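Enquirer: Dropping in final35.cif, with mmCIF, C-alpha atoms.
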data_structure
loop_
_atom_site.label_atom_id
_atom_site.label_comp_id
_atom_site.auth_asym_id
_atom_site.auth_seq_id
_atom_site.Cartn_x
_atom_site.Cartn_y
_atom_site.Cartn_z
CA MET A 1 -15.31 21.20 -15.13
CA LYS A 2 -12.64 22.48 -12.79
CA ILE A 3 -11.24 19.91 -10.39
CA VAL A 4 -8.83 20.93 -7.66
CA ILE A 5 -6.63 18.71 -5.53
CA ILE A 6 -5.68 20.53 -2.35
CA LYS A 7 -1.93 20.79 -2.09
CA TYR A 8 -0.53 20.43 1.40
CA ASN A 9 2.26 18.68 3.26
CA ALA A 10 1.05 15.15 2.60
CA GLY A 11 2.01 12.31 0.31
CA ASN A 12 -0.16 10.56 -2.23
CA ILE A 13 -1.29 13.68 -4.12
CA ARG A 14 0.48 12.50 -7.26
CA SER A 15 -1.40 9.18 -7.27
CA VAL A 16 -4.80 10.89 -7.15
CA ASP A 17 -3.76 13.15 -10.01
CA PHE A 18 -2.63 10.15 -12.09
CA ALA A 19 -5.91 8.32 -11.38
CA LEU A 20 -7.89 11.34 -12.62
CA GLN A 21 -5.69 11.50 -15.73
CA ARG A 22 -6.56 7.86 -16.44
CA LEU A 23 -10.22 8.96 -16.43
CA GLY A 24 -9.32 11.67 -18.92
CA VAL A 25 -9.73 14.42 -16.33
CA THR A 26 -7.20 17.18 -15.70
CA ALA A 27 -6.92 18.44 -12.14
CA ILE A 28 -5.17 21.46 -10.68
CA ILE A 29 -3.00 20.83 -7.63
CA THR A 30 -3.03 24.02 -5.59
CA ASP A 31 -3.25 25.61 -2.14
CA ASP A 32 -4.54 28.90 -3.59
CA HIS A 33 -7.73 29.85 -1.75
CA GLN A 34 -9.40 31.50 -4.74
CA GLU A 35 -8.70 28.52 -7.01
CA ILE A 36 -10.08 26.09 -4.44
CA ARG A 37 -13.21 28.18 -3.82
CA ASN A 38 -13.92 28.45 -7.53
CA ALA A 39 -13.52 24.75 -8.28
CA ASP A 40 -16.46 22.53 -9.25
CA ARG A 41 -14.97 19.60 -7.35
CA VAL A 42 -12.41 19.57 -4.56
CA ILE A 43 -10.34 16.53 -3.60
CA PHE A 44 -8.61 16.45 -0.22
CA PRO A 45 -6.21 13.49 -0.30
CA GLY A 46 -3.52 12.58 2.12
CA VAL A 47 -1.18 10.21 3.81
CA GLY A 48 0.53 11.46 6.91
CA GLU A 49 0.20 12.28 10.59
CA ALA A 50 -2.96 14.03 11.83
CA SER A 51 -1.62 16.71 14.23
CA THR A 52 1.20 17.88 11.92
CA THR A 53 -1.13 18.02 8.95
CA MET A 54 -3.88 19.79 10.89
CA GLY A 55 -1.27 22.33 12.06
CA TYR A 56 -0.25 22.94 8.46
CA LEU A 57 -3.88 23.42 7.37
CA LYS A 58 -4.44 25.96 10.16
CA ASP A 59 -1.23 27.86 9.37
CA HIS A 60 -2.43 28.21 5.78
CA LYS A 61 -6.04 28.95 6.85
CA LEU A 62 -7.11 25.96 4.80
CA ASP A 63 -9.12 24.59 7.76
CA ILE A 64 -11.75 27.34 7.60
CA LEU A 65 -11.70 27.28 3.82
CA ILE A 66 -12.41 23.53 3.55
CA ARG A 67 -15.17 23.65 6.18
CA ASP A 68 -16.98 26.41 4.24
CA LEU A 69 -16.84 24.78 0.80
CA LYS A 70 -20.23 24.36 -0.87
CA GLN A 71 -19.25 22.24 -3.89
CA PRO A 72 -18.72 18.45 -3.66
CA VAL A 73 -15.60 17.68 -1.63
CA LEU A 74 -13.94 14.26 -1.47
CA GLY A 75 -11.57 13.43 1.39
CA VAL A 76 -9.33 10.39 1.02
CA CYS A 77 -7.63 8.40 3.83
CA LEU A 78 -6.10 11.02 6.15
CA GLY A 79 -8.41 13.49 4.40
CA LEU A 80 -11.40 11.55 5.79
CA GLN A 81 -9.90 11.47 9.27
CA LEU A 82 -9.17 15.22 9.26
CA MET A 83 -12.78 15.92 8.24
CA CYS A 84 -13.97 14.22 11.45
CA ALA A 85 -14.38 15.89 14.87
CA HIS A 86 -11.31 14.57 16.64
CA SER A 87 -8.42 12.16 16.12
CA GLU A 88 -6.59 10.15 18.74
CA GLU A 89 -3.49 10.57 16.59
CA GLY A 90 -1.64 13.36 18.39
CA ASN A 91 -4.92 14.14 20.28
CA THR A 92 -5.95 16.41 17.42
CA THR A 93 -9.04 18.56 17.07
CA CYS A 94 -9.99 18.15 13.41
CA LEU A 95 -12.27 19.99 10.99
CA GLY A 96 -15.52 18.74 12.54
CA ILE A 97 -17.39 18.34 9.24
CA PHE A 98 -18.40 14.85 10.38
CA PRO A 99 -19.18 14.31 14.09
CA GLU A 100 -17.44 10.91 14.05
CA LYS A 101 -14.29 10.34 16.10
CA VAL A 102 -11.03 8.85 14.85
CA ILE A 103 -9.65 6.05 17.00
CA LYS A 104 -6.49 3.92 16.94
CA PHE A 105 -6.83 0.23 16.07
CA VAL A 106 -6.05 -1.99 19.04
CA ARG A 107 -5.23 -5.66 18.53
CA PRO A 108 -7.70 -7.82 20.43
CA SER A 109 -5.84 -9.64 23.20
CA GLU A 110 -7.46 -12.98 22.45
CA ASP A 111 -8.60 -13.88 18.99
CA SER A 112 -8.22 -16.79 16.64
CA ILE A 113 -7.25 -14.41 13.82
CA THR A 114 -3.98 -12.49 14.01
CA TYR A 115 -4.83 -8.91 13.18
CA LYS A 116 -1.96 -6.82 11.84
CA ILE A 117 -1.68 -3.07 12.28
CA PRO A 118 -1.64 -1.07 10.02
CA HIS A 119 -4.78 -2.41 8.37
CA MET A 120 -3.14 -2.86 4.99
CA GLY A 121 -4.53 -4.42 1.85
CA TRP A 122 -7.83 -5.10 0.11
CA ASN A 123 -10.94 -5.35 2.23
CA SER A 124 -14.60 -5.67 1.33
CA VAL A 125 -17.10 -2.95 2.19
CA SER A 126 -20.86 -3.12 2.75
CA GLY A 127 -23.88 -1.01 3.67
CA LEU A 128 -23.19 1.27 0.69
CA LYS A 129 -25.31 4.39 1.01
CA SER A 130 -24.19 7.34 -1.08
CA ALA A 131 -24.17 8.23 -4.78
CA LEU A 132 -20.43 7.67 -4.58
CA PHE A 133 -21.19 3.95 -4.71
CA ASP A 134 -23.50 3.96 -7.76
CA THR A 135 -23.01 0.69 -9.67
CA VAL A 136 -20.55 -0.53 -7.02
CA ASN A 137 -21.57 -3.85 -5.46
CA GLU A 138 -21.90 -4.73 -1.80
CA GLU A 139 -18.78 -6.63 -0.67
CA ASP A 140 -16.61 -5.16 -3.43
CA TYR A 141 -12.96 -4.76 -2.42
CA PHE A 142 -11.00 -1.56 -1.89
CA TYR A 143 -7.40 -0.87 -0.90
CA PHE A 144 -6.81 0.37 2.66
CA VAL A 145 -3.67 1.48 4.51
CA HIS A 146 -4.27 2.99 7.96
CA SER A 147 -3.72 2.58 11.70
CA PHE A 148 -6.55 4.87 12.79
CA TYR A 149 -10.22 4.64 11.82
CA ALA A 150 -13.37 6.72 11.95
CA ALA A 151 -15.95 5.05 14.17
CA SER A 152 -19.33 4.17 12.71
CA GLY A 153 -21.84 6.98 13.07
CA ILE A 154 -24.75 8.80 11.48
CA ASP A 155 -22.65 9.84 8.45
CA THR A 156 -21.32 6.35 7.71
CA ALA A 157 -21.88 5.69 3.99
CA ALA A 158 -20.03 2.36 3.84
CA THR A 159 -18.78 -0.03 6.49
CA CYS A 160 -15.63 -2.12 6.60
CA ASN A 161 -14.93 -4.79 9.18
CA TYR A 162 -11.45 -5.05 10.61
CA ILE A 163 -11.18 -5.82 14.32
CA VAL A 164 -14.30 -3.63 14.61
CA PRO A 165 -16.82 -2.33 12.06
CA PHE A 166 -15.73 1.18 11.05
CA SER A 167 -16.57 3.91 8.52
CA ALA A 168 -15.09 2.98 5.12
CA ALA A 169 -16.85 6.07 3.76
CA LEU A 170 -18.66 9.09 5.19
CA HIS A 171 -21.19 11.44 3.62
CA ARG A 172 -22.90 14.61 4.82
CA ASP A 173 -24.35 17.27 2.51
CA ASN A 174 -21.67 18.15 -0.07
CA PHE A 175 -18.92 16.36 1.86
CA TYR A 176 -17.82 12.84 0.89
CA ALA A 177 -14.86 10.87 2.18
CA THR A 178 -13.34 7.41 1.86
CA GLN A 179 -10.91 5.71 4.21
CA PHE A 180 -9.76 3.49 1.34
CA HIS A 181 -7.73 4.75 -1.59
CA PRO A 182 -10.00 4.90 -4.69
CA GLU A 183 -6.94 5.89 -6.75
CA LYS A 184 -5.31 2.55 -5.87
CA SER A 185 -8.37 0.31 -5.88
CA GLY A 186 -8.37 -0.82 -9.50
CA ARG A 187 -11.51 -0.48 -11.59
CA THR A 188 -13.85 -0.29 -8.58
CA GLY A 189 -11.80 2.59 -7.25
CA SER A 190 -11.94 4.46 -10.56
CA LYS A 191 -15.72 4.08 -10.42
CA ILE A 192 -15.77 5.99 -7.10
CA LEU A 193 -13.76 8.87 -8.60
CA GLU A 194 -15.98 8.87 -11.68
CA ASN A 195 -19.13 8.92 -9.52
CA PHE A 196 -17.70 11.81 -7.51
CA ILE A 197 -17.03 13.82 -10.67
CA ASN A 198 -20.52 13.01 -11.98
CA LEU A 199 -22.41 13.88 -8.77
CA LYS A 200 -25.53 15.94 -9.43
CA TYR A 201 -24.82 19.38 -8.06
CA MET B 1 -12.65 -9.86 5.40
CA LEU B 2 -9.19 -8.55 4.67
CA ALA B 3 -7.96 -10.45 1.61
CA LYS B 4 -4.64 -12.27 1.39
CA ARG B 5 -2.55 -10.53 -1.24
CA ILE B 6 -0.92 -12.03 -4.35
CA ILE B 7 2.11 -10.00 -5.39
CA PRO B 8 4.09 -10.58 -8.58
CA CYS B 9 7.63 -9.25 -8.31
CA LEU B 10 9.40 -7.76 -11.31
CA ASP B 11 13.16 -7.39 -11.30
CA ILE B 12 14.24 -4.43 -13.41
CA ARG B 13 17.56 -3.83 -15.09
CA ASP B 14 18.06 -0.79 -17.32
CA GLY B 15 14.29 -0.32 -17.51
CA GLN B 16 13.53 -3.91 -18.51
CA THR B 17 12.04 -6.83 -16.56
CA VAL B 18 14.37 -9.68 -15.70
CA LYS B 19 14.18 -12.67 -13.37
CA GLY B 20 17.08 -14.26 -11.58
CA ILE B 21 16.90 -17.95 -10.83
CA ASN B 22 18.59 -18.06 -7.42
CA PHE B 23 19.73 -14.54 -8.28
CA VAL B 24 22.01 -15.77 -11.10
CA ASN B 25 21.26 -16.56 -14.82
CA ILE B 26 19.16 -13.53 -15.66
CA ILE B 27 16.68 -13.82 -18.54
CA ASN B 28 14.75 -10.88 -20.01
CA VAL B 29 10.94 -11.15 -19.86
CA GLY B 30 9.71 -7.79 -21.06
CA ASP B 31 8.43 -4.26 -20.57
CA PRO B 32 7.68 -3.52 -16.86
CA VAL B 33 4.75 -1.15 -17.52
CA GLU B 34 2.98 -3.55 -19.88
CA LEU B 35 3.67 -6.56 -17.68
CA GLY B 36 2.51 -4.61 -14.60
CA LYS B 37 -0.75 -3.61 -16.28
CA LEU B 38 -1.34 -7.17 -17.42
CA TYR B 39 -0.87 -8.47 -13.87
CA ALA B 40 -3.18 -5.77 -12.47
CA GLU B 41 -5.90 -6.71 -14.98
CA GLN B 42 -5.46 -10.37 -14.07
CA GLY B 43 -6.12 -9.58 -10.41
CA ALA B 44 -2.69 -9.02 -8.84
CA ASP B 45 -3.28 -7.20 -5.55
CA GLU B 46 0.00 -5.31 -5.56
CA LEU B 47 3.25 -5.28 -7.48
CA VAL B 48 6.88 -5.04 -6.48
CA PHE B 49 9.49 -3.57 -8.83
CA LEU B 50 13.08 -4.21 -7.78
CA ASP B 51 15.80 -2.26 -9.51
CA ILE B 52 18.87 -4.42 -9.86
CA THR B 53 20.73 -1.84 -11.93
CA ALA B 54 23.89 -0.72 -10.20
CA THR B 55 24.86 2.24 -12.38
CA HIS B 56 23.99 5.89 -11.89
CA GLU B 57 22.50 6.09 -15.39
CA GLY B 58 20.31 3.05 -14.73
CA ARG B 59 19.10 4.70 -11.55
CA LYS B 60 17.74 7.71 -13.42
CA THR B 61 16.05 5.38 -15.90
CA PHE B 62 14.39 3.63 -12.96
CA VAL B 63 12.94 6.83 -11.47
CA GLU B 64 11.51 7.67 -14.91
CA LEU B 65 10.10 4.18 -15.13
CA VAL B 66 8.47 4.50 -11.67
CA LYS B 67 6.62 7.59 -12.89
CA LYS B 68 5.37 5.69 -15.94
CA ILE B 69 4.26 2.81 -13.74
CA ALA B 70 2.41 5.20 -11.39
CA GLN B 71 0.61 6.82 -14.32
CA ASN B 72 -0.51 3.51 -15.76
CA LEU B 73 -1.20 1.31 -12.75
CA ASP B 74 -4.34 1.51 -10.61
CA ILE B 75 -3.13 -0.81 -7.83
CA PRO B 76 -0.46 -0.16 -5.18
CA PHE B 77 3.16 -0.87 -5.93
CA THR B 78 6.43 -1.04 -4.03
CA VAL B 79 9.80 -0.15 -5.48
CA GLY B 80 13.14 -1.27 -4.18
CA GLY B 81 16.80 -1.48 -4.98
CA GLY B 82 19.56 1.01 -4.38
CA ILE B 83 17.74 3.10 -1.76
CA SER B 84 20.37 4.13 0.78
CA GLU B 85 19.34 7.63 1.81
CA ILE B 86 16.28 9.81 2.33
CA LYS B 87 16.72 11.60 -0.98
CA ASP B 88 16.53 8.29 -2.92
CA ALA B 89 13.18 7.60 -1.25
CA GLU B 90 12.02 11.15 -1.85
CA ALA B 91 12.64 10.86 -5.60
CA LEU B 92 10.64 7.63 -5.75
CA LEU B 93 7.76 9.06 -3.69
CA ALA B 94 7.68 12.10 -5.97
CA ALA B 95 7.58 9.77 -8.98
CA GLY B 96 4.47 8.14 -7.50
CA ALA B 97 5.67 5.03 -5.65
CA ASP B 98 3.31 3.87 -2.87
CA LYS B 99 5.98 2.10 -0.84
CA ILE B 100 9.70 1.59 -0.96
CA SER B 101 11.58 -1.51 0.04
CA ILE B 102 15.01 -1.39 1.65
CA ASN B 103 17.28 -4.33 2.32
CA SER B 104 21.10 -4.17 2.52
CA SER B 105 21.07 -0.44 3.31
CA ALA B 106 18.88 -1.07 6.37
CA VAL B 107 21.26 -3.77 7.62
CA ARG B 108 24.24 -1.45 7.20
CA ASN B 109 22.45 1.58 8.63
CA PRO B 110 19.40 0.55 10.71
CA LYS B 111 18.68 4.20 11.54
CA LEU B 112 17.60 4.62 7.92
CA ILE B 113 14.36 2.81 8.85
CA ASP B 114 13.62 5.34 11.61
CA ASP B 115 14.39 8.25 9.30
CA LEU B 116 12.23 6.95 6.46
CA ALA B 117 9.32 6.14 8.79
CA ARG B 118 9.48 9.57 10.40
CA ASN B 119 9.69 11.40 7.07
CA PHE B 120 7.18 9.42 5.03
CA GLY B 121 5.22 7.27 7.51
CA SER B 122 5.55 3.56 8.29
CA GLN B 123 3.09 2.63 5.54
CA PHE B 124 5.75 3.73 3.03
CA VAL B 125 8.54 1.56 4.43
CA VAL B 126 8.88 -2.13 3.59
CA VAL B 127 11.96 -3.82 5.02
CA ALA B 128 13.09 -6.76 2.90
CA ILE B 129 15.04 -9.43 4.74
CA ASP B 130 16.97 -12.18 2.93
CA ALA B 131 18.06 -14.92 5.30
CA ARG B 132 19.70 -18.31 5.03
CA GLU B 133 19.40 -21.20 7.46
CA ALA B 134 22.30 -23.39 8.55
CA SER B 135 22.25 -25.67 11.61
CA ASN B 136 18.98 -24.15 12.80
CA HIS B 137 20.31 -20.61 12.75
CA TRP B 138 18.85 -18.03 10.34
CA THR B 139 21.54 -15.60 9.22
CA VAL B 140 20.50 -12.35 7.54
CA THR B 141 22.34 -11.92 4.24
CA VAL B 142 22.92 -8.89 2.00
CA ASN B 143 23.79 -8.25 -1.64
CA GLY B 144 21.26 -10.69 -3.03
CA GLY B 145 22.12 -13.38 -0.50
CA ARG B 146 25.83 -13.40 -1.26
CA ILE B 147 27.14 -11.85 1.94
CA PRO B 148 26.23 -13.19 5.41
CA THR B 149 25.90 -10.62 8.22
CA GLU B 150 26.07 -10.70 12.03
CA LYS B 151 22.30 -10.36 12.25
CA GLU B 152 19.83 -13.10 13.08
CA LEU B 153 16.47 -13.19 11.26
CA PHE B 154 13.98 -13.00 14.15
CA SER B 155 15.76 -10.39 16.25
CA TRP B 156 16.44 -8.25 13.17
CA ALA B 157 12.80 -8.49 12.06
CA LYS B 158 11.66 -7.33 15.51
CA GLU B 159 14.18 -4.49 15.45
CA THR B 160 12.93 -3.26 12.06
CA GLU B 161 9.37 -3.22 13.40
CA ASP B 162 10.44 -1.26 16.49
CA ARG B 163 12.25 1.21 14.25
CA GLY B 164 9.12 1.87 12.22
CA ALA B 165 8.95 -0.64 9.35
CA GLY B 166 5.39 -0.91 8.03
CA GLU B 167 5.77 -4.36 6.50
CA ILE B 168 8.37 -7.12 6.22
CA LEU B 169 9.20 -8.93 3.01
CA PHE B 170 10.96 -12.12 4.04
CA THR B 171 12.86 -14.22 1.49
CA SER B 172 14.30 -17.54 2.54
CA MET B 173 17.47 -18.05 0.51
CA ASN B 174 17.17 -21.77 1.20
CA HIS B 175 13.78 -21.84 -0.54
CA ASP B 176 14.25 -19.20 -3.23
CA GLY B 177 14.29 -20.66 -6.73
CA THR B 178 13.58 -24.20 -5.51
CA LYS B 179 9.81 -24.19 -6.25
CA ASN B 180 9.36 -26.50 -3.27
CA GLY B 181 7.19 -24.14 -1.22
CA PHE B 182 7.69 -21.22 1.15
CA ALA B 183 9.50 -21.23 4.53
CA ASN B 184 6.19 -21.63 6.35
CA LYS B 185 7.53 -22.41 9.82
CA GLU B 186 9.67 -19.28 9.90
CA LEU B 187 6.95 -17.15 8.34
CA ALA B 188 4.45 -18.23 11.00
CA LYS B 189 6.97 -17.41 13.71
CA LEU B 190 7.50 -13.94 12.21
CA SER B 191 3.75 -13.41 12.04
CA ASP B 192 3.32 -14.44 15.68
CA ASN B 193 6.24 -12.31 16.89
CA LEU B 194 5.35 -9.11 15.04
CA SER B 195 2.25 -6.98 14.63
CA ILE B 196 3.02 -5.67 11.11
CA PRO B 197 2.09 -7.55 7.91
CA ILE B 198 4.47 -10.19 6.54
CA ILE B 199 5.01 -10.76 2.81
CA ALA B 200 6.33 -14.24 2.03
CA SER B 201 8.86 -14.71 -0.73
CA GLY B 202 10.97 -17.55 -2.04
CA GLY B 203 9.93 -21.05 -3.02
CA ALA B 204 6.54 -20.70 -4.77
CA GLY B 205 6.16 -23.51 -7.28
CA SER B 206 2.48 -24.46 -7.18
CA MET B 207 -0.93 -23.09 -6.23
CA GLU B 208 -0.91 -25.33 -3.19
CA HIS B 209 2.22 -23.56 -1.93
CA PHE B 210 0.23 -20.32 -1.78
CA ALA B 211 -2.57 -22.02 0.16
CA GLU B 212 0.04 -23.34 2.60
CA VAL B 213 1.78 -20.00 3.04
CA PHE B 214 -1.52 -18.32 3.97
CA THR B 215 -2.59 -21.07 6.39
CA GLU B 216 0.50 -22.74 7.90
CA GLY B 217 2.75 -19.77 7.13
CA LYS B 218 0.17 -17.20 8.39
CA ALA B 219 1.51 -14.77 5.78
CA ASP B 220 -0.47 -11.68 4.80
CA ALA B 221 0.81 -11.72 1.23
CA GLY B 222 2.59 -14.14 -1.09
CA LEU B 223 5.15 -12.88 -3.56
CA ALA B 224 6.55 -14.70 -6.58
CA ALA B 225 8.23 -13.89 -9.86
CA SER B 226 9.16 -16.62 -12.33
CA ILE B 227 6.05 -18.76 -11.96
CA PHE B 228 4.00 -15.75 -13.07
CA HIS B 229 6.45 -14.48 -15.69
CA TYR B 230 6.78 -17.87 -17.36
CA ARG B 231 2.99 -18.41 -17.13
CA GLU B 232 3.36 -21.54 -15.05
CA ILE B 233 0.56 -20.20 -12.85
CA ALA B 234 -2.05 -17.72 -14.07
CA ILE B 235 -3.21 -15.29 -11.37
CA PRO B 236 -6.98 -15.77 -12.04
CA ASP B 237 -6.55 -19.58 -11.70
CA LEU B 238 -4.53 -19.12 -8.51
CA LYS B 239 -7.16 -16.86 -6.98
CA ASN B 240 -9.98 -19.25 -7.88
CA TYR B 241 -8.03 -22.11 -6.37
CA LEU B 242 -7.39 -20.22 -3.12
CA ARG B 243 -11.05 -19.17 -2.88
CA GLY B 244 -11.96 -22.83 -3.26
CA ARG B 245 -9.66 -23.60 -0.35
CA GLY B 246 -11.64 -21.14 1.81
CA ILE B 247 -8.96 -18.46 1.85
CA SER B 248 -10.08 -14.82 1.81
CA ILE B 249 -9.18 -13.52 -1.66
CA ARG B 250 -10.25 -10.42 -3.57
#
Show this structure as structure tokens.

Expert:
Amino acid sequence: MKIVIIKYNAGNIRSVDFALQRLGVTAIITDDHQEIRNADRVIFPGVGEASTTMGYLKDHKLDILIRDLKQPVLGVCLGLQLMCAHSEEGNTTCLGIFPEKVIKFVRPSEDSITYKIPHMGWNSVSGLKSALFDTVNEEDYFYFVHSFYAASGIDTAATCNYIVPFSAALHRDNFYATQFHPEKSGRTGSKILENFINLKY
Amino acid sequence: MLAKRIIPCLDIRDGQTVKGINFVNIINVGDPVELGKLYAEQGADELVFLDITATHEGRKTFVELVKKIAQNLDIPFTVGGGISEIKDAEALLAAGADKISINSSAVRNPKLIDDLARNFGSQFVVVAIDAREASNHWTVTVNGGRIPTEKELFSWAKETEDRGAGEILFTSMNHDGTKNGFANKELAKLSDNLSIPIIASGGAGSMEHFAEVFTEGKADAGLAASIFHYREIAIPDLKNYLRGRGISIR
């Protein structure tokens, strides 16, 4: 099986590669269109700023390429946000694979709990709906680091609660995405990557 | 619920784990990769690796070590020590570090925080602050607490946030190594003043101290070294205890 990690101007690519290696899987990190199109699985990771990254994808015509992929695609963190319709970060029009909108966390003015931004650390997720979560339990914990979130919508495949309920994962057709970092979420995280690789396709 | 984080800290010299008691009397406690994996399996939420090597050779060893850690560890980790310019951070990011921690170099050159945040994002930048209290004034110190600076804890913490720090790791030099508990009053004040997460460090001696730092101290994470290294507290026991106290724990 050929697994490709899309190479672009974002951090965190190395960590995803290492996580796959721990599962005994070798991935190719590339921005070559042919390689990406021919892959059995495509992973679209990322840590960074939405408008800059979206600009880079467009310059390299990766935006059209990603949107047209037919094999299972997994977006992670910024990858998830860029697969949505629009992000408040830099008022960016994104790929539009998911109709959900990406919004900035705002600290509630009055609350007994002090919410910090970024949302950083391990949080539990629930309402697990896709094959990505096979053998994962409701309320299992995953590692999150983000200041923007995808609102809940029709594609929400898992929900996390932080200030508001938001999409911890999204799923539509062959497109999957997680706001959390499966590559940094211990054994439960590895399970997500394993499930993605083993998706029936 | 977002869980409170338990973070073991490993001091590294020449690729080996060490722990300073009050930053003096260093004793070797093992291989960082193996110890890191053990902590991750036991339920540590994150790890911090601080390079206390001063030499150029040791520095290269550390970057190599960071790569090995990244390959073997499936939880997030922060690396610190000796980061004074963008290219130091770049090498550590390329090796697979999730976050870097800067301390003295940020005090000497605060603009470094802005530059790091702009280049790599705030989530990558932890600012560590060591401070010592005397007559109700908290002075920021550098070089492992040896040198006092002009800066005051609370105003400096706010400045680092404004410059783009993603997290603050606060060590009270008055509490560090004492095992009498964390500086909860100051930690709570930091948490109230700032909107970024606060990692508490210095003073952990019992499981109760962690419960206190998460309630009274309002900390987002509790960091400790020797009590974990010397097996005085086992992480699974600590987590069970905190859960029993009604604290949100993974």

Enquirer: Write out as a PyMOL selection string the residues lying within 9 Å of Thr114 of chain A, counting only C-alpha atoms and excluding same-chain residues fewer than 4 positions away.

Expert: (chain A and resi 107-108) or (chain B and resi 191-192+195+218)

Enquirer: Specify as a list in words each residue included when the PyMOL selection byres ((chain B and resi 11) around 7) is applied to this file.

Expert: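 Selection result, ordered by chain and number: Cys9, Leu10, Ile12, Arg13, Thr17, Val18, Lys19, Phe49, Leu50, Asp51 and Ile52 of chain B.
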
Enquirer: Residues of chain B within 7 Å of chain A, counting only C-alpha atoms - could you list those as a list in words?

Expert: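 Within 7 Å of chain A on chain B, we get Met1, Leu2, Ala3, Ala70, Gln71, Asp74, Ile75, Pro76, Gly96, Gly121, Gln123, Ser195, Ile196, Pro197 and Arg250 of chain B.
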
Enquirer: Restricting the output to C-alpha atoms, write the selected residues as a compact mmCIF listing (two decimals), keeping the file's coordinate frame.

Expert:
# COMPACT_ATOMS: atom_id res chain seq x y z
CA MET B 1 -12.65 -9.86 5.40
CA LEU B 2 -9.19 -8.55 4.67
CA ALA B 3 -7.96 -10.45 1.61
CA ALA B 70 2.41 5.20 -11.39
CA GLN B 71 0.61 6.82 -14.32
CA ASP B 74 -4.34 1.51 -10.61
CA ILE B 75 -3.13 -0.81 -7.83
CA PRO B 76 -0.46 -0.16 -5.18
CA GLY B 96 4.47 8.14 -7.50
CA GLY B 121 5.22 7.27 7.51
CA GLN B 123 3.09 2.63 5.54
CA SER B 195 2.25 -6.98 14.63
CA ILE B 196 3.02 -5.67 11.11
CA PRO B 197 2.09 -7.55 7.91
CA ARG B 250 -10.25 -10.42 -3.57

Enquirer: Might you pull out every residue within 7 Å of segment 78-85 of chain B, with only C-alpha atoms counted and same-chain residues fewer than 2 positions away left off, and present them as number ranges by chain?

Expert: B: 47-52, 87-89, 97-102, 105

Enquirer: Which residues, named as in the file, does the PyMOL selection byres ((chain A and resi 27-32) around 6) pick out? Answer as a PyMOL selection string.

Expert: chain A and resi 3-7+26+33-35

Enquirer: Just give me the gap between atom CA of Ile113 of chain B and atom CA of Gly222 of chain B in Å, one decimal is fine.

Expert: 22.9 Å

Enquirer: Pick out the residues sitting within 7 Å of segment 136-146 of chain B, and hand them over as a list in words; count only C-alpha atoms, and ignore anything fewer than 5 positions along from it in its own chain.

Expert: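 Close residues of segment 136-146 of chain B: Phe23, Ser104, Ile129, Asp130, Ala131, Lys151, Glu152, Leu153 and Met173 of chain B.
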